[in-house]
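Text of structure19.tsv, listed as TSV, C-alpha atoms:
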chain	number	residue	atom	x	y	z
A	900	MET	CA	-26.02	59.74	-16.38
A	901	VAL	CA	-22.41	58.80	-15.78
A	902	PRO	CA	-21.74	56.86	-12.55
A	903	ARG	CA	-19.45	58.58	-10.09
A	904	PHE	CA	-16.93	56.72	-8.01
A	905	ASN	CA	-15.99	57.69	-4.55
A	906	ILE	CA	-12.17	57.50	-4.67
A	907	LYS	CA	-11.92	57.14	-0.89
A	908	LEU	CA	-14.30	54.15	-0.82
A	909	PHE	CA	-12.50	52.63	-3.81
A	910	LYS	CA	-9.12	52.85	-2.01
A	911	GLU	CA	-10.60	51.41	1.23
A	912	ASP	CA	-12.26	48.60	-0.73
A	913	LYS	CA	-8.97	47.82	-2.49
A	914	MET	CA	-7.15	47.83	0.87
A	915	LYS	CA	-9.74	45.48	2.42
A	916	LYS	CA	-9.37	43.11	-0.52
A	917	GLY	CA	-5.58	43.19	-0.17
A	918	VAL	CA	-5.75	42.44	3.56
A	919	LEU	CA	-8.29	39.69	2.92
A	920	PHE	CA	-6.03	38.21	0.22
A	921	VAL	CA	-3.01	38.19	2.59
A	922	LEU	CA	-5.09	36.59	5.35
A	923	MET	CA	-6.32	33.91	2.93
A	924	LEU	CA	-2.73	33.21	1.85
A	925	LEU	CA	-1.63	32.89	5.47
A	926	LEU	CA	-4.54	30.59	6.25
A	927	ALA	CA	-3.85	28.48	3.16
A	928	PHE	CA	-0.16	28.28	4.04
A	929	SER	CA	-0.88	27.20	7.63
A	930	VAL	CA	-3.41	24.60	6.46
A	931	PHE	CA	-0.99	23.39	3.76
A	932	ALA	CA	1.90	23.17	6.22
A	933	LYS	CA	-0.25	21.35	8.76
A	934	GLY	CA	-1.79	19.19	6.05
A	935	LYS	CA	1.67	18.33	4.74
A	936	GLU	CA	2.72	17.02	8.17
A	937	GLU	CA	-0.49	15.04	8.47
A	938	THR	CA	-0.16	13.76	4.91
A	939	MET	CA	3.41	12.65	5.51
A	940	GLU	CA	2.25	10.73	8.56
A	941	ALA	CA	-0.76	9.30	6.72
A	942	ASP	CA	1.35	8.33	3.69
A	943	SER	CA	2.89	5.50	5.68
A	944	VAL	CA	-0.59	4.03	5.76
A	945	THR	CA	-2.19	5.04	2.49
A	946	THR	CA	0.38	5.00	-0.27
A	947	ALA	CA	2.00	2.10	-2.03
A	948	SER	CA	5.69	1.32	-2.02
A	949	ILE	CA	7.07	0.79	-5.48
A	950	VAL	CA	10.13	-1.42	-4.94
A	951	LYS	CA	12.99	-2.79	-7.01
A	952	ASP	CA	15.03	-4.84	-4.53
A	953	GLY	CA	14.73	-7.22	-1.60
A	954	ASP	CA	15.74	-4.74	1.11
A	955	ALA	CA	12.97	-2.36	0.04
A	956	VAL	CA	10.46	-5.24	0.07
A	957	VAL	CA	11.38	-6.19	3.65
A	958	LYS	CA	11.10	-2.58	4.84
A	959	ALA	CA	7.81	-1.91	3.04
A	960	LEU	CA	6.16	-5.07	4.41
A	961	GLY	CA	7.24	-4.42	8.02
A	962	SER	CA	5.01	-2.91	10.70
A	963	ASP	CA	6.05	0.64	9.71
A	964	GLY	CA	5.65	-0.07	5.99
A	965	THR	CA	2.85	0.57	3.55
A	966	TRP	CA	-0.46	-1.17	2.87
A	967	MET	CA	0.68	-2.17	-0.63
A	968	VAL	CA	4.03	-3.20	-2.05
A	969	ALA	CA	4.42	-3.29	-5.83
A	970	LEU	CA	7.46	-4.87	-7.49
A	971	LEU	CA	8.96	-3.46	-10.66
A	972	ASN	CA	11.16	-6.49	-11.32
A	973	ASP	CA	12.17	-9.84	-9.82
A	974	ALA	CA	13.53	-9.51	-6.26
A	975	THR	CA	15.34	-11.83	-3.87
A	976	VAL	CA	15.56	-11.58	-0.09
A	977	LYS	CA	18.14	-13.50	1.90
A	978	GLY	CA	16.25	-14.96	4.86
A	979	ASP	CA	12.60	-14.34	5.74
A	980	ILE	CA	10.16	-11.58	4.89
A	981	VAL	CA	7.75	-10.69	7.70
A	982	VAL	CA	4.45	-9.03	6.80
A	983	GLU	CA	3.10	-7.25	9.85
A	984	GLY	CA	1.11	-4.18	10.79
A	985	GLU	CA	-2.51	-3.15	10.49
A	986	PHE	CA	-3.85	-0.64	7.98
A	987	PRO	CA	-7.32	0.60	8.95
A	988	GLY	CA	-9.57	1.48	6.05
A	989	LYS	CA	-7.81	-0.81	3.60
A	990	PRO	CA	-9.53	-4.01	2.48
A	991	TYR	CA	-6.25	-5.97	2.52
A	992	ARG	CA	-2.46	-5.81	2.67
A	993	LYS	CA	-1.33	-6.30	-0.92
A	994	ILE	CA	1.87	-7.72	-2.37
A	995	ALA	CA	1.60	-6.82	-6.06
A	996	LEU	CA	4.03	-8.90	-8.11
A	997	TYR	CA	3.11	-7.27	-11.43
A	998	THR	CA	2.82	-4.08	-13.41
A	999	GLN	CA	-0.28	-3.02	-15.31
A	1000	ASP	CA	-1.41	-0.62	-18.00
A	1001	GLU	CA	-4.00	2.14	-17.71
A	1002	ASN	CA	-6.77	-0.42	-18.26
A	1003	ARG	CA	-5.46	-2.59	-15.40
A	1004	ASN	CA	-4.24	-5.32	-17.75
A	1005	ILE	CA	-1.15	-7.06	-16.38
A	1006	THR	CA	1.88	-6.15	-18.49
A	1007	ASN	CA	4.66	-7.91	-16.52
A	1008	ARG	CA	4.75	-10.56	-13.77
A	1009	PHE	CA	7.58	-10.84	-11.27
A	1010	ASN	CA	9.08	-13.39	-8.88
A	1011	LEU	CA	9.70	-12.58	-5.24
A	1012	THR	CA	12.09	-15.11	-3.71
A	1013	ALA	CA	12.83	-15.64	0.00
A	1014	ASP	CA	13.34	-18.52	2.40
A	1015	LYS	CA	9.95	-17.81	3.93
A	1016	LEU	CA	7.16	-15.25	3.85
A	1017	VAL	CA	5.71	-14.91	7.37
A	1018	VAL	CA	2.24	-13.34	7.21
A	1019	ARG	CA	1.07	-11.66	10.43
A	1020	SER	CA	-1.19	-8.97	8.90
A	1021	LYS	CA	-4.79	-9.99	8.46
A	1022	HIS	CA	-6.22	-9.71	4.95
A	1023	THR	CA	-2.84	-10.08	3.22
A	1024	ARG	CA	-3.06	-10.70	-0.51
A	1025	ILE	CA	-0.41	-11.87	-2.97
A	1026	GLN	CA	-1.41	-10.93	-6.49
A	1027	GLY	CA	-0.23	-11.24	-10.07
A	1028	GLY	CA	3.13	-13.02	-9.88
A	1029	SER	CA	5.03	-15.75	-8.04
A	1030	PHE	CA	6.37	-16.06	-4.53
A	1031	ILE	CA	9.20	-18.60	-4.44
A	1032	GLY	CA	9.61	-20.04	-0.95
A	1033	ASP	CA	7.34	-21.25	1.84
A	1034	VAL	CA	4.56	-19.12	3.30
A	1035	ALA	CA	3.81	-19.28	7.05
A	1036	VAL	CA	0.44	-17.68	7.81
A	1037	ASP	CA	-0.37	-16.44	11.31
A	1038	ALA	CA	-3.31	-14.21	10.39
A	1039	MET	CA	-6.87	-14.46	9.15
A	1040	ASP	CA	-8.01	-14.05	5.54
A	1041	PHE	CA	-4.79	-14.72	3.62
A	1042	GLU	CA	-5.51	-14.60	-0.11
A	1043	LEU	CA	-3.97	-15.48	-3.47
A	1044	VAL	CA	-5.28	-13.69	-6.55
A	1045	ASP	CA	-3.85	-14.73	-9.92
A	1046	ALA	CA	-0.66	-15.70	-8.07
A	1047	LYS	CA	1.61	-18.68	-7.65
A	1048	VAL	CA	3.40	-19.96	-4.55
A	1049	VAL	CA	6.33	-22.18	-5.47
A	1050	GLY	CA	6.53	-23.85	-2.08
A	1051	ASN	CA	4.31	-24.84	0.82
A	1052	VAL	CA	1.69	-22.78	2.66
A	1053	TYR	CA	1.47	-23.40	6.42
A	1054	PHE	CA	-1.22	-22.01	8.71
A	1055	LYS	CA	-0.85	-21.64	12.47
A	1056	THR	CA	-4.51	-22.47	13.19
A	1057	ASP	CA	-7.35	-24.32	11.54
A	1058	ALA	CA	-9.45	-21.12	11.59
A	1059	GLN	CA	-6.75	-19.27	9.64
A	1060	MET	CA	-6.62	-22.07	7.08
A	1061	LYS	CA	-10.42	-22.03	6.71
A	1062	SER	CA	-10.34	-18.26	6.09
A	1063	PHE	CA	-7.80	-18.70	3.25
A	1064	LYS	CA	-9.01	-17.76	-0.25
A	1065	LYS	CA	-7.45	-18.71	-3.57
A	1066	ASP	CA	-8.99	-17.87	-6.93
A	1067	GLU	CA	-9.05	-20.30	-9.89
A	1068	LEU	CA	-6.03	-18.59	-11.49
A	1069	SER	CA	-3.80	-19.16	-8.45
A	1070	GLU	CA	-1.58	-22.15	-7.77
A	1071	ILE	CA	0.41	-23.63	-4.89
A	1072	THR	CA	3.05	-26.17	-5.94
A	1073	GLY	CA	3.56	-27.63	-2.45
A	1074	THR	CA	1.24	-28.59	0.39
A	1075	ILE	CA	-1.31	-26.58	2.35
A	1076	GLU	CA	-1.40	-27.62	6.00
A	1077	ILE	CA	-1.50	-26.61	9.65
A	1078	MET	CA	1.96	-25.98	11.18
A	1079	ARG	CA	2.92	-28.72	13.58
Before anything else, please render the file you have as structure tokens.
Amino acid sequence: MVPRFNIKLFKEDKMKKGVLFVLMLLLAFSVFAKGKEETMEADSVTTASIVKDGDAVVKALGSDGTWMVALLNDATVKGDIVVEGEFPGKPYRKIALYTQDENRNITNRFNLTADKLVVRSKHTRIQGGSFIGDVAVDAMDFELVDAKVVGNVYFKTDAQMKSFKKDELSEITGTIEIMR
């Protein structure tokens, strides 16, 4: 027996599928457009800033910057760099002074030079390169990971100094003390 198709039902079914397809496209577009706005807002919190110069470093580490700043070369800032702002959901605020390969092996290390790095964001980490200048810490849980500070590190409080972490690969050429 050969199946028979009802042409009318076939046309209605095709029309329903077409309407459903258009509705899905409209829904996807509205979600995408809304998601794009939300993503753009969230990007200021979740993405890294890849920077090549001192002005970009200062902007990226400010209160409206990103949770992570990654240098692509040596950079110099005239004056101070202020690290401020909170980034919920991130384990730390990271200043990455290096590049890495796909296996996370460091391929290049960079120097970031400024008169002073003022740290006001808790859980700030300098990693993989050298900061040249003094560091003034006014936040808890400052950390050095495979990094070098060519200068002094000053803490505002004893509690902040006690929360400081430095791995065995890191070095500070100057003193570590409470600001007086």
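Among the candidates A:Met1078, A:Ile1071, A:Val957, A:Val1018, the one nearest to Asp1057 (chain A) when counting all atoms listed in the file is A:Met1078.
Taking CA of Val1049 (chain A) and CA of Ile1075 (chain A) as the two end points, the separation is 11.8 Å.
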How far is it from CA of Lys958 (chain A) to CA of Val981 (chain A), in Å with one decimal?
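Separation of CA of Lys958 (chain A) and CA of Val981 (chain A): 9.2 Å.
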Between A:Asp952, A:Asp1014, A:Glu985, A:Glu1001, which one has atoms that come closest to Ala1035 (chain A), using all atoms listed in the file?
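Nearest to Ala1035 (chain A): A:Asp1014.
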When you look at Leu1016 (chain A) with a cut-off of 8 Å (counting all atoms listed in the file), what residues show up, excluding the ones that are within fewer than 3 positions of it in the same chain? I need them as an MDAnalysis selection string.
chainID A and resid 979:982 1013 1032:1035
Using all atoms listed in the file, find the one residue out of A:Asp1000, A:Glu1067, A:Asp963, A:Asp973 that sits nearest to Ala1046 (chain A).
A:Glu1067
Enumerate, as a PyMOL selection string, the protein, DNA and RNA residues whose atoms approach (3.3, -18.5, 12.8) to within 9 Å, taking into account all atoms listed in the file and the coordinate frame of the file.
chain A and resi 1017-1019+1035-1038+1053-1056+1078
For the selection you just gave me, I'd like the residues written to a file as an mmCIF file, keeping the file's coordinate frame, keeping C-alpha atoms.
data_model
loop_
_atom_site.group_PDB
_atom_site.id
_atom_site.type_symbol
_atom_site.label_atom_id
_atom_site.label_comp_id
_atom_site.auth_asym_id
_atom_site.auth_seq_id
_atom_site.Cartn_x
_atom_site.Cartn_y
_atom_site.Cartn_z
ATOM 1 C CA VAL A 1017 5.710 -14.910 7.370
ATOM 2 C CA VAL A 1018 2.240 -13.340 7.210
ATOM 3 C CA ARG A 1019 1.070 -11.660 10.430
ATOM 4 C CA ALA A 1035 3.810 -19.280 7.050
ATOM 5 C CA VAL A 1036 0.440 -17.680 7.810
ATOM 6 C CA ASP A 1037 -0.370 -16.440 11.310
ATOM 7 C CA ALA A 1038 -3.310 -14.210 10.390
ATOM 8 C CA TYR A 1053 1.470 -23.400 6.420
ATOM 9 C CA PHE A 1054 -1.220 -22.010 8.710
ATOM 10 C CA LYS A 1055 -0.850 -21.640 12.470
ATOM 11 C CA THR A 1056 -4.510 -22.470 13.190
ATOM 12 C CA MET A 1078 1.960 -25.980 11.180
#
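Between CA of Lys1061 (chain A) and CA of Arg1024 (chain A) the separation is 15.3 Å.
Using all atoms listed in the file, the nearest neighbour of Gly953 (chain A) within the list A:Arg1003, A:Thr1012, A:Val1048, A:Ala995 is A:Thr1012.
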Nearest-residue call for Phe986 (chain A), choices A:Met967, A:Val956, A:Leu1068, A:Val1044, using only C-alpha atoms
A:Met967
Which centre and which edge lengths, in Å to one decimal, describe the axis-aligned box that holds all listed atoms of region 1037-1049 of chain A after 8 Å is added on each side, as lines of an AutoDock Vina configuration file?
center_x = -0.8
center_y = -17.9
center_z = 0.7
size_x = 30.3
size_y = 24.5
size_z = 37.2
Excluding Tyr997 (chain A) and its own-chain neighbours fewer than 6 positions away, which residues fall within 9 Å of it when counting all atoms listed in the file? Please give them as a PyMOL selection string.
chain A and resi 969-972+1005-1010+1026-1028
